[in-house]
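Here is input-v3.pdb, consisting of PDB, C-alpha atoms:
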```pdb
ATOM      1  CA  PRO A 881      51.708 -13.275   2.801  1.00  0.00           C
ATOM      2  CA  PHE A 882      52.018 -11.467  -0.534  1.00  0.00           C
ATOM      3  CA  LEU A 883      48.369 -10.415  -0.569  1.00  0.00           C
ATOM      4  CA  TRP A 884      48.698  -9.241   3.039  1.00  0.00           C
ATOM      5  CA  ILE A 885      51.692  -7.099   2.031  1.00  0.00           C
ATOM      6  CA  MET A 886      49.799  -5.624  -0.920  1.00  0.00           C
ATOM      7  CA  SER A 887      46.711  -5.030   1.195  1.00  0.00           C
ATOM      8  CA  LYS A 888      48.694  -3.207   3.866  1.00  0.00           C
ATOM      9  CA  HIS A 889      50.805  -1.070   1.550  1.00  0.00           C
ATOM     10  CA  ILE A 890      48.520  -0.555  -1.472  1.00  0.00           C
ATOM     11  CA  GLU A 891      44.863  -1.081  -0.576  1.00  0.00           C
ATOM     12  CA  GLN A 892      44.679   0.217   3.005  1.00  0.00           C
ATOM     13  CA  PRO A 893      46.303   3.581   2.117  1.00  0.00           C
ATOM     14  CA  SER A 894      43.830   3.752  -0.837  1.00  0.00           C
ATOM     15  CA  PHE A 895      46.600   3.720  -3.439  1.00  0.00           C
ATOM     16  CA  GLY A 896      44.619   1.258  -5.553  1.00  0.00           C
ATOM     17  CA  ARG A 897      43.239  -2.286  -5.673  1.00  0.00           C
ATOM     18  CA  VAL A 898      45.030  -5.607  -6.099  1.00  0.00           C
ATOM     19  CA  PHE A 899      43.530  -8.810  -7.491  1.00  0.00           C
ATOM     20  CA  ASP A 900      44.993 -12.255  -7.983  1.00  0.00           C
ATOM     21  CA  CYS A 901      44.207 -15.690  -9.363  1.00  0.00           C
ATOM     22  CA  ALA A 902      46.844 -18.338  -8.622  1.00  0.00           C
ATOM     23  CA  ASP A 903      50.143 -16.711  -9.673  1.00  0.00           C
ATOM     24  CA  ASP A 904      48.534 -14.033 -11.875  1.00  0.00           C
ATOM     25  CA  VAL A 905      48.447 -10.664 -10.117  1.00  0.00           C
ATOM     26  CA  GLY A 906      46.876  -7.444 -11.357  1.00  0.00           C
ATOM     27  CA  ALA A 907      46.822  -4.032  -9.687  1.00  0.00           C
ATOM     28  CA  ALA A 908      44.910  -0.858 -10.556  1.00  0.00           C
ATOM     29  CA  LEU A 909      46.625   2.226  -9.109  1.00  0.00           C
ATOM     30  CA  ARG A 910      45.189   5.713  -8.609  1.00  0.00           C
ATOM     31  CA  LYS A 911      48.448   7.460  -9.515  1.00  0.00           C
ATOM     32  CA  PHE A 912      51.436   6.361 -11.525  1.00  0.00           C
ATOM     33  CA  ILE A 913      53.820   7.293  -8.725  1.00  0.00           C
ATOM     34  CA  TYR A 914      52.307   4.528  -6.588  1.00  0.00           C
ATOM     35  CA  LEU A 915      54.209   2.079  -8.772  1.00  0.00           C
ATOM     36  CA  ILE A 916      57.176   2.800  -6.500  1.00  0.00           C
ATOM     37  CA  GLN A 917      55.274   1.454  -3.507  1.00  0.00           C
ATOM     38  CA  CYS A 918      54.087  -1.497  -5.588  1.00  0.00           C
ATOM     39  CA  ALA A 919      57.671  -2.344  -6.573  1.00  0.00           C
ATOM     40  CA  LYS A 920      58.729  -2.171  -2.914  1.00  0.00           C
ATOM     41  CA  CYS A 921      56.060  -4.753  -2.081  1.00  0.00           C
ATOM     42  CA  PHE A 922      57.335  -7.125  -4.759  1.00  0.00           C
ATOM     43  CA  ASN A 923      60.927  -6.667  -3.570  1.00  0.00           C
ATOM     44  CA  MET A 924      59.892  -7.253   0.041  1.00  0.00           C
ATOM     45  CA  PHE A 925      58.191 -10.502  -0.911  1.00  0.00           C
ATOM     46  CA  ARG A 926      61.160 -11.580  -3.030  1.00  0.00           C
ATOM     47  CA  VAL A 927      63.479 -11.224  -0.028  1.00  0.00           C
ATOM     48  CA  VAL A 928      61.356 -13.425   2.247  1.00  0.00           C
ATOM     49  CA  SER A 929      60.175 -15.997  -0.323  1.00  0.00           C
ATOM     50  CA  GLY A 930      62.739 -16.134  -3.112  1.00  0.00           C
ATOM     51  CA  LEU A 931      59.940 -15.548  -5.649  1.00  0.00           C
ATOM     52  CA  ALA A 932      60.527 -12.651  -7.995  1.00  0.00           C
ATOM     53  CA  LEU A 933      58.467 -10.671 -10.484  1.00  0.00           C
ATOM     54  CA  HIS A 934      59.594 -11.133 -14.095  1.00  0.00           C
ATOM     55  CA  PRO A 935      59.331  -7.693 -15.737  1.00  0.00           C
ATOM     56  CA  THR A 936      59.557  -9.214 -19.230  1.00  0.00           C
ATOM     57  CA  LYS A 937      56.365 -11.182 -18.509  1.00  0.00           C
ATOM     58  CA  SER A 938      54.533  -8.177 -17.072  1.00  0.00           C
ATOM     59  CA  VAL A 939      52.857  -5.149 -18.609  1.00  0.00           C
ATOM     60  CA  ILE A 940      52.000  -1.624 -17.499  1.00  0.00           C
ATOM     61  CA  ILE A 941      48.610  -0.731 -19.008  1.00  0.00           C
ATOM     62  CA  LEU A 942      47.985   2.985 -19.507  1.00  0.00           C
ATOM     63  CA  THR A 943      44.388   4.042 -18.906  1.00  0.00           C
ATOM     64  CA  SER A 944      44.504   7.802 -18.340  1.00  0.00           C
ATOM     65  CA  VAL A 945      46.817   8.868 -21.180  1.00  0.00           C
ATOM     66  CA  ILE A 946      47.114   7.834 -24.811  1.00  0.00           C
ATOM     67  CA  CYS A 947      49.719   5.141 -25.291  1.00  0.00           C
ATOM     68  CA  ASN A 948      52.094   6.393 -27.967  1.00  0.00           C
ATOM     69  CA  SER A 949      55.841   6.661 -28.492  1.00  0.00           C
ATOM     70  CA  THR A 950      56.024   9.957 -26.554  1.00  0.00           C
ATOM     71  CA  SER A 951      54.190   8.777 -23.438  1.00  0.00           C
ATOM     72  CA  VAL A 952      56.021   5.434 -23.443  1.00  0.00           C
ATOM     73  CA  SER A 953      59.393   7.205 -23.713  1.00  0.00           C
ATOM     74  CA  ILE A 954      58.556   9.540 -20.815  1.00  0.00           C
ATOM     75  CA  ILE A 955      57.380   6.668 -18.610  1.00  0.00           C
ATOM     76  CA  ARG A 956      60.406   4.537 -19.425  1.00  0.00           C
ATOM     77  CA  ARG A 957      62.744   7.385 -18.465  1.00  0.00           C
ATOM     78  CA  TRP A 958      60.818   7.763 -15.209  1.00  0.00           C
ATOM     79  CA  LEU A 959      61.145   4.024 -14.539  1.00  0.00           C
ATOM     80  CA  ARG A 960      64.916   4.103 -15.134  1.00  0.00           C
ATOM     81  CA  VAL A 961      65.208   6.702 -12.365  1.00  0.00           C
ATOM     82  CA  ASN A 962      62.650   5.375  -9.867  1.00  0.00           C
ATOM     83  CA  ILE A 963      62.317   1.619 -10.536  1.00  0.00           C
ATOM     84  CA  PRO A 964      65.310   0.663 -12.704  1.00  0.00           C
ATOM     85  CA  GLU A 965      64.541  -3.063 -12.574  1.00  0.00           C
ATOM     86  CA  TRP A 966      61.203  -2.352 -14.275  1.00  0.00           C
ATOM     87  CA  ALA A 967      62.622  -0.132 -17.036  1.00  0.00           C
ATOM     88  CA  GLY A 968      62.319  -2.920 -19.605  1.00  0.00           C
ATOM     89  CA  MET A 969      58.718  -3.768 -18.745  1.00  0.00           C
ATOM     90  CA  ARG A 970      56.251  -3.605 -21.629  1.00  0.00           C
ATOM     91  CA  ILE A 971      54.100  -0.464 -21.651  1.00  0.00           C
ATOM     92  CA  ASP A 972      50.891  -0.685 -23.625  1.00  0.00           C
ATOM     93  CA  SER A 973      47.190   0.200 -23.738  1.00  0.00           C
ATOM     94  CA  VAL A 974      46.163  -3.464 -23.508  1.00  0.00           C
ATOM     95  CA  GLY A 975      47.334  -6.571 -21.696  1.00  0.00           C
ATOM     96  CA  GLU A 976      46.289 -10.183 -21.251  1.00  0.00           C
ATOM     97  CA  TYR A 977      44.951 -11.352 -17.885  1.00  0.00           C
ATOM     98  CA  LEU A 978      43.410 -14.775 -17.187  1.00  0.00           C
ATOM     99  CA  GLY A 979      42.993 -15.604 -20.852  1.00  0.00           C
ATOM    100  CA  THR A 980      41.278 -12.369 -21.813  1.00  0.00           C
ATOM    101  CA  HIS A 981      42.405  -8.811 -22.526  1.00  0.00           C
ATOM    102  CA  ILE A 982      41.993  -5.657 -20.462  1.00  0.00           C
ATOM    103  CA  GLY A 983      42.766  -2.040 -21.217  1.00  0.00           C
ATOM    104  CA  PRO A 984      41.381   0.802 -23.354  1.00  0.00           C
ATOM    105  CA  THR A 985      42.145  -0.926 -26.666  1.00  0.00           C
ATOM    106  CA  ALA A 986      41.314  -4.496 -25.618  1.00  0.00           C
ATOM    107  CA  GLY A 987      38.367  -4.665 -28.009  1.00  0.00           C
ATOM    108  CA  SER A 988      40.629  -4.438 -31.053  1.00  0.00           C
ATOM    109  CA  VAL A 989      42.805  -7.435 -30.131  1.00  0.00           C
ATOM    110  CA  CYS A 990      40.733  -9.642 -27.823  1.00  0.00           C
ATOM    111  CA  TRP A 991      40.052 -12.270 -30.508  1.00  0.00           C
ATOM    112  CA  ASN A 992      43.435 -12.283 -32.264  1.00  0.00           C
ATOM    113  CA  LYS A 993      45.122 -15.018 -30.238  1.00  0.00           C
ATOM    114  CA  ALA A 994      42.086 -17.307 -30.117  1.00  0.00           C
ATOM    115  CA  ILE A 995      41.373 -16.952 -33.855  1.00  0.00           C
ATOM    116  CA  GLY A 996      45.036 -17.607 -34.582  1.00  0.00           C
ATOM    117  CA  LYS A 997      44.929 -20.781 -32.523  1.00  0.00           C
ATOM    118  CA  TYR A 998      41.682 -21.841 -34.219  1.00  0.00           C
ATOM    119  CA  LEU A 999      43.249 -21.434 -37.674  1.00  0.00           C
ATOM    120  CA  SER A1000      46.420 -23.210 -36.578  1.00  0.00           C
ATOM    121  CA  ARG A1001      44.373 -26.185 -35.405  1.00  0.00           C
ATOM    122  CA  THR A1002      42.538 -26.330 -38.744  1.00  0.00           C
ATOM    123  CA  ASP A1003      45.908 -26.446 -40.522  1.00  0.00           C
ATOM    124  CA  GLU A1004      46.984 -29.336 -38.296  1.00  0.00           C
ATOM    125  CA  ILE A1005      43.757 -31.243 -38.987  1.00  0.00           C
ATOM    126  CA  LYS A1006      44.130 -30.702 -42.743  1.00  0.00           C
ATOM    127  CA  SER A1007      47.680 -32.087 -42.666  1.00  0.00           C
ATOM    128  CA  LEU A1008      46.415 -35.382 -41.218  1.00  0.00           C
ATOM    129  CA  SER A1009      44.305 -36.173 -44.332  1.00  0.00           C
ATOM    130  CA  LEU A1010      41.622 -37.911 -42.277  1.00  0.00           C
ATOM    131  CA  PRO A1011      38.269 -39.246 -43.528  1.00  0.00           C
ATOM    132  CA  ALA A1012      35.560 -36.582 -43.617  1.00  0.00           C
ATOM    133  CA  SER A1013      33.668 -37.862 -40.561  1.00  0.00           C
ATOM    134  CA  VAL A1014      36.857 -37.994 -38.472  1.00  0.00           C
ATOM    135  CA  THR A1015      37.922 -34.593 -39.779  1.00  0.00           C
ATOM    136  CA  VAL A1016      34.672 -33.050 -38.561  1.00  0.00           C
ATOM    137  CA  ARG A1017      35.035 -34.719 -35.165  1.00  0.00           C
ATOM    138  CA  GLU A1018      38.587 -33.398 -34.765  1.00  0.00           C
ATOM    139  CA  TYR A1019      37.526 -29.947 -35.959  1.00  0.00           C
ATOM    140  CA  ASN A1020      34.743 -29.793 -33.366  1.00  0.00           C
ATOM    141  CA  ARG A1021      36.990 -31.098 -30.606  1.00  0.00           C
ATOM    142  CA  ARG A1022      40.283 -29.344 -31.273  1.00  0.00           C
ATOM    143  CA  ALA A1023      39.555 -26.188 -33.290  1.00  0.00           C
ATOM    144  CA  VAL A1024      36.133 -24.904 -32.259  1.00  0.00           C
ATOM    145  CA  SER A1025      36.935 -25.374 -28.573  1.00  0.00           C
ATOM    146  CA  CYS A1026      39.623 -22.674 -28.874  1.00  0.00           C
ATOM    147  CA  LEU A1027      36.895 -20.026 -29.153  1.00  0.00           C
ATOM    148  CA  SER A1028      34.261 -21.066 -26.623  1.00  0.00           C
ATOM    149  CA  TYR A1029      35.884 -19.421 -23.567  1.00  0.00           C
ATOM    150  CA  LEU A1030      35.880 -15.939 -25.100  1.00  0.00           C
ATOM    151  CA  MET A1031      32.351 -16.410 -26.396  1.00  0.00           C
ATOM    152  CA  GLN A1032      31.216 -16.015 -22.772  1.00  0.00           C
ATOM    153  CA  LEU A1033      32.643 -12.508 -22.700  1.00  0.00           C
ATOM    154  CA  TYR A1034      32.594 -11.029 -26.207  1.00  0.00           C
ATOM    155  CA  GLY A1035      30.479 -11.021 -29.324  1.00  0.00           C
ATOM    156  CA  LEU A1036      32.026 -12.690 -32.355  1.00  0.00           C
ATOM    157  CA  PRO A1037      34.370 -10.458 -34.358  1.00  0.00           C
ATOM    158  CA  SER A1038      33.425  -9.133 -37.755  1.00  0.00           C
ATOM    159  CA  GLY A1039      34.268 -11.522 -40.561  1.00  0.00           C
ATOM    160  CA  THR A1040      33.635 -14.647 -38.458  1.00  0.00           C
ATOM    161  CA  ARG A1041      31.553 -16.304 -41.175  1.00  0.00           C
ATOM    162  CA  ARG A1042      34.331 -15.770 -43.720  1.00  0.00           C
ATOM    163  CA  ILE A1043      36.941 -17.126 -41.297  1.00  0.00           C
ATOM    164  CA  GLU A1044      34.779 -20.165 -40.591  1.00  0.00           C
ATOM    165  CA  THR A1045      34.163 -20.868 -44.296  1.00  0.00           C
ATOM    166  CA  ASN A1046      37.898 -20.653 -45.037  1.00  0.00           C
ATOM    167  CA  ALA A1047      38.522 -23.102 -42.202  1.00  0.00           C
ATOM    168  CA  MET A1048      35.955 -25.498 -43.662  1.00  0.00           C
ATOM    169  CA  ASN A1049      37.729 -25.418 -47.031  1.00  0.00           C
ATOM    170  CA  LYS A1050      40.982 -26.248 -45.263  1.00  0.00           C
ATOM    171  CA  VAL A1051      39.798 -29.169 -43.156  1.00  0.00           C
ATOM    172  CA  PHE A1052      37.906 -30.748 -46.084  1.00  0.00           C
ATOM    173  CA  SER A1053      41.003 -30.243 -48.286  1.00  0.00           C
ATOM    174  CA  VAL A1054      39.136 -28.561 -51.108  1.00  0.00           C
ATOM    175  CA  PRO A1055      40.280 -25.555 -53.175  1.00  0.00           C
ATOM    176  CA  THR A1056      40.013 -22.158 -51.539  1.00  0.00           C
ATOM    177  CA  SER A1057      36.446 -20.790 -51.675  1.00  0.00           C
ATOM    178  CA  ALA A1058      35.109 -24.077 -53.071  1.00  0.00           C
ATOM    179  CA  LEU A1059      32.657 -24.258 -50.159  1.00  0.00           C
ATOM    180  CA  ASP A1060      30.530 -21.330 -49.089  1.00  0.00           C
ATOM    181  CA  SER A1061      28.294 -21.150 -46.023  1.00  0.00           C
ATOM    182  CA  LYS A1062      25.356 -22.669 -47.957  1.00  0.00           C
ATOM    183  CA  CYS A1063      27.455 -25.689 -48.947  1.00  0.00           C
ATOM    184  CA  VAL A1064      28.570 -26.165 -45.356  1.00  0.00           C
ATOM    185  CA  ASN A1065      24.944 -26.053 -44.200  1.00  0.00           C
ATOM    186  CA  PHE A1066      24.086 -28.615 -46.914  1.00  0.00           C
ATOM    187  CA  CYS A1067      26.773 -30.914 -45.479  1.00  0.00           C
ATOM    188  CA  ARG A1068      25.205 -30.523 -42.057  1.00  0.00           C
ATOM    189  CA  SER A1069      21.628 -31.192 -43.135  1.00  0.00           C
ATOM    190  CA  LYS A1070      22.016 -33.733 -45.959  1.00  0.00           C
ATOM    191  CA  LEU A1071      25.368 -35.508 -45.584  1.00  0.00           C
ATOM    192  CA  GLY A1072      25.420 -36.081 -41.835  1.00  0.00           C
ATOM    193  CA  LEU A1073      28.648 -34.091 -41.446  1.00  0.00           C
ATOM    194  CA  LYS A1074      28.010 -31.651 -38.637  1.00  0.00           C
ATOM    195  CA  PRO A1075      30.835 -29.172 -38.042  1.00  0.00           C
ATOM    196  CA  ILE A1076      29.731 -26.940 -35.197  1.00  0.00           C
ATOM    197  CA  SER A1077      28.483 -23.547 -36.368  1.00  0.00           C
ATOM    198  CA  LEU A1078      30.460 -20.766 -34.655  1.00  0.00           C
ATOM    199  CA  GLU A1079      27.434 -18.479 -34.645  1.00  0.00           C
ATOM    200  CA  ASN A1080      25.212 -21.155 -33.086  1.00  0.00           C
ATOM    201  CA  LEU A1081      27.866 -22.029 -30.518  1.00  0.00           C
ATOM    202  CA  ALA A1082      28.326 -18.370 -29.598  1.00  0.00           C
ATOM    203  CA  CYS A1083      24.563 -18.034 -29.111  1.00  0.00           C
ATOM    204  CA  ALA A1084      24.487 -21.148 -26.899  1.00  0.00           C
ATOM    205  CA  VAL A1085      27.532 -20.145 -24.845  1.00  0.00           C
ATOM    206  CA  SER A1086      26.365 -16.557 -24.335  1.00  0.00           C
ATOM    207  CA  THR A1087      22.958 -17.880 -23.247  1.00  0.00           C
ATOM    208  CA  ARG A1088      24.440 -20.417 -20.843  1.00  0.00           C
ATOM    209  CA  ALA A1089      26.975 -18.021 -19.277  1.00  0.00           C
ATOM    210  CA  PRO A1090      24.489 -15.799 -17.391  1.00  0.00           C
ATOM    211  CA  HIS A1091      22.623 -18.871 -16.137  1.00  0.00           C
ATOM    212  CA  LYS A1092      25.633 -20.921 -15.023  1.00  0.00           C
ATOM    213  CA  THR A1093      28.679 -18.643 -14.722  1.00  0.00           C
ATOM    214  CA  PHE A1094      27.630 -15.021 -14.205  1.00  0.00           C
ATOM    215  CA  THR A1095      24.591 -15.885 -12.146  1.00  0.00           C
ATOM    216  CA  ASP A1096      24.382 -12.790  -9.942  1.00  0.00           C
ATOM    217  CA  VAL A1097      24.828  -9.832 -12.273  1.00  0.00           C
ATOM    218  CA  LEU A1098      23.828  -7.303  -9.605  1.00  0.00           C
ATOM    219  CA  ALA A1099      26.509  -8.603  -7.226  1.00  0.00           C
ATOM    220  CA  LEU A1100      29.112  -8.445 -10.002  1.00  0.00           C
ATOM    221  CA  SER A1101      27.979  -4.907 -10.818  1.00  0.00           C
ATOM    222  CA  ARG A1102      28.394  -3.874  -7.167  1.00  0.00           C
ATOM    223  CA  VAL A1103      31.915  -5.343  -7.083  1.00  0.00           C
ATOM    224  CA  LEU A1104      32.778  -3.377 -10.220  1.00  0.00           C
ATOM    225  CA  GLU A1105      31.376  -0.135  -8.774  1.00  0.00           C
ATOM    226  CA  GLU A1106      33.210  -0.662  -5.473  1.00  0.00           C
ATOM    227  CA  ASN A1107      36.520  -1.112  -7.261  1.00  0.00           C
ATOM    228  CA  CYS A1108      36.220   1.844  -9.631  1.00  0.00           C
ATOM    229  CA  PHE A1109      37.819   5.179  -8.823  1.00  0.00           C
ATOM    230  CA  PRO A1110      38.618   8.389 -10.683  1.00  0.00           C
ATOM    231  CA  VAL A1111      41.953   8.274 -12.509  1.00  0.00           C
ATOM    232  CA  PRO A1112      43.914  11.539 -12.725  1.00  0.00           C
ATOM    233  CA  PRO A1113      46.482  12.282 -15.465  1.00  0.00           C
ATOM    234  CA  CYS A1114      49.463   9.980 -15.461  1.00  0.00           C
ATOM    235  CA  PHE A1115      51.920  11.735 -13.135  1.00  0.00           C
ATOM    236  CA  CYS A1116      49.567  13.633 -10.816  1.00  0.00           C
TER     237      CYS A1116
END
```
With the file now loaded, output its structure as structure tokens.
Amino acid sequence: PFLWIMSKHIEQPSFGRVFDCADDVGAALRKFIYLIQCAKCFNMFRVVSGLALHPTKSVIILTSVICNSTSVSIIRRWLRVNIPEWAGMRIDSVGEYLGTHIGPTAGSVCWNKAIGKYLSRTDEIKSLSLPASVTVREYNRRAVSCLSYLMQLYGLPSGTRRIETNAMNKVFSVPTSALDSKCVNFCRSKLGLKPISLENLACAVSTRAPHKTFTDVLALSRVLEENCFPVPPCFC
């Protein structure tokens, strides 16, 4: 029912496009003023279903103007007048959707959360003081796996080798910078300890993705072209 409402009131009048996956909903609108119609759709669905949008968990991503304190202030004032219940919604140039980031500045933050989780897992593994072989197994299973999803979509960020080497020093409980990348490779080849190389994993994942996940690139390209439209300045 919700998608039918959005189709009728947003897509059929050519106000924009709406996409969903489970309870995650994203909409790309041609004009900012169409947010009013979008809010009406959410309110209509709330009345008939009891399910409501949580503005604090949502984000308005600006694509046609620079996101700065001036533009955010203007938009927030406009929201207070036209959609008061959305006045506290986050306004940014990037937002997270289905585990990845979208928006004009997504490239600068897309790895932050995953790298943070990776480093957090290495801290947890270090605190367990496990034997080396078990440490490597836990590192491969719990830490490296935090990065594999994004490896399908993005190249590794700059400084990955340094981040990986620091993580190796942590999980092996040795002084900072005691192990460099050559020492880690020596452990792999001579000691039988085989922590997964992030660069090798990224190469494998990015090779597998087009063969198993993104199999029809031309079809995906057509979908992207069909759902693109010119975006005028914010309040046109």
For the interface of range 1012-1062 of chain A with range 976-996 of chain A (cut-off 12 Å, counting all atoms listed in the file), please tabulate each contacting residue of range 1012-1062 of chain A alongside its nearest pair of atoms and their separation in Å to one decimal, rows sorted by chain and increasing number, as CSV.
```
residue,atom,partner,partner_atom,distance
A:Ala1023,CA,A:Ile995,CA,9.4
A:Val1024,CA,A:Ile995,CA,9.7
A:Ser1025,CA,A:Ala994,CA,9.7
A:Cys1026,CA,A:Ala994,CA,6.0
A:Leu1027,CA,A:Ala994,CA,5.9
A:Ser1028,CA,A:Ala994,CA,9.4
A:Tyr1029,CA,A:Gly979,CA,8.5
A:Leu1030,CA,A:Thr980,CA,7.3
A:Met1031,CA,A:Trp991,CA,9.7
A:Gln1032,CA,A:Thr980,CA,10.7
A:Leu1033,CA,A:Thr980,CA,8.7
A:Tyr1034,CA,A:Cys990,CA,8.4
A:Gly1035,CA,A:Trp991,CA,9.7
A:Leu1036,CA,A:Trp991,CA,8.2
A:Pro1037,CA,A:Trp991,CA,7.1
A:Ser1038,CA,A:Trp991,CA,10.3
A:Gly1039,CA,A:Ile995,CA,11.2
A:Thr1040,CA,A:Ile995,CA,9.3
A:Ile1043,CA,A:Ile995,CA,8.7
A:Glu1044,CA,A:Ile995,CA,10.0
A:Ala1047,CA,A:Ile995,CA,10.8
```
What gap, in Å, lies between CA of Arg1041 in chain A and CA of Thr1095 in chain A?
29.9 Å
If I put a ball of radius 7 Å at (59.2, 2.8, -10.2) in the file's coordinates, which residues poke into it when counting only C-alpha atoms, written as a PyMOL selection string?
chain A and resi 915-916+919+959+962-964+966
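Taking CA of Asn1065 in chain A as the reference point, CA of Thr1045 in chain A is found at 10.6 Å.
Here CA of Ile940 in chain A stands at a distance of 12.2 Å from CA of Val905 in chain A.
Counting all atoms listed in the file, the residue from A:Val1051, A:Ile1076, A:Val974, A:Ala967 that sits nearest to Ala1012 in chain A is A:Val1051.
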Mind working out the centre and edge lengths of an axis-aligned box for range 965-983 of chain A, all listed atoms inside, 4 Å added to each side, rounded to one decimal in Å and written as AutoDock Vina command-line options?
```
--center_x 52.9 --center_y -7.7 --center_z -18.2 --size_x 31.3 --size_y 23.8 --size_z 19.2
```
Selection result of the PyMOL selection byres ((chain A and resi 1048) around 12) on this file, as an MDAnalysis selection string
chainID A and resid 998:999 1001:1003 1005:1006 1012 1015:1016 1019:1020 1023:1024 1041:1047 1049:1065 1067:1068 1073:1078
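Using all atoms listed in the file, the nearest neighbour of Val898 in chain A within the list A:Leu1008, A:Met886, A:Val952, A:Val1097 is A:Met886.
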Quick check on the file I pasted: which residues fall under the PyMOL selection byres ((chain A and resi 923-927) around 12)? Write them as an NGL selection string.
:A and (881-886 or 889 or 916-922 or 928-934 or 963 or 965-966)
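Checking A:Ser951, A:Asn1107, A:Asn1080, A:Thr943 one by one against Arg897 in chain A, counting all atoms listed in the file, you find the shortest gap at A:Asn1107.
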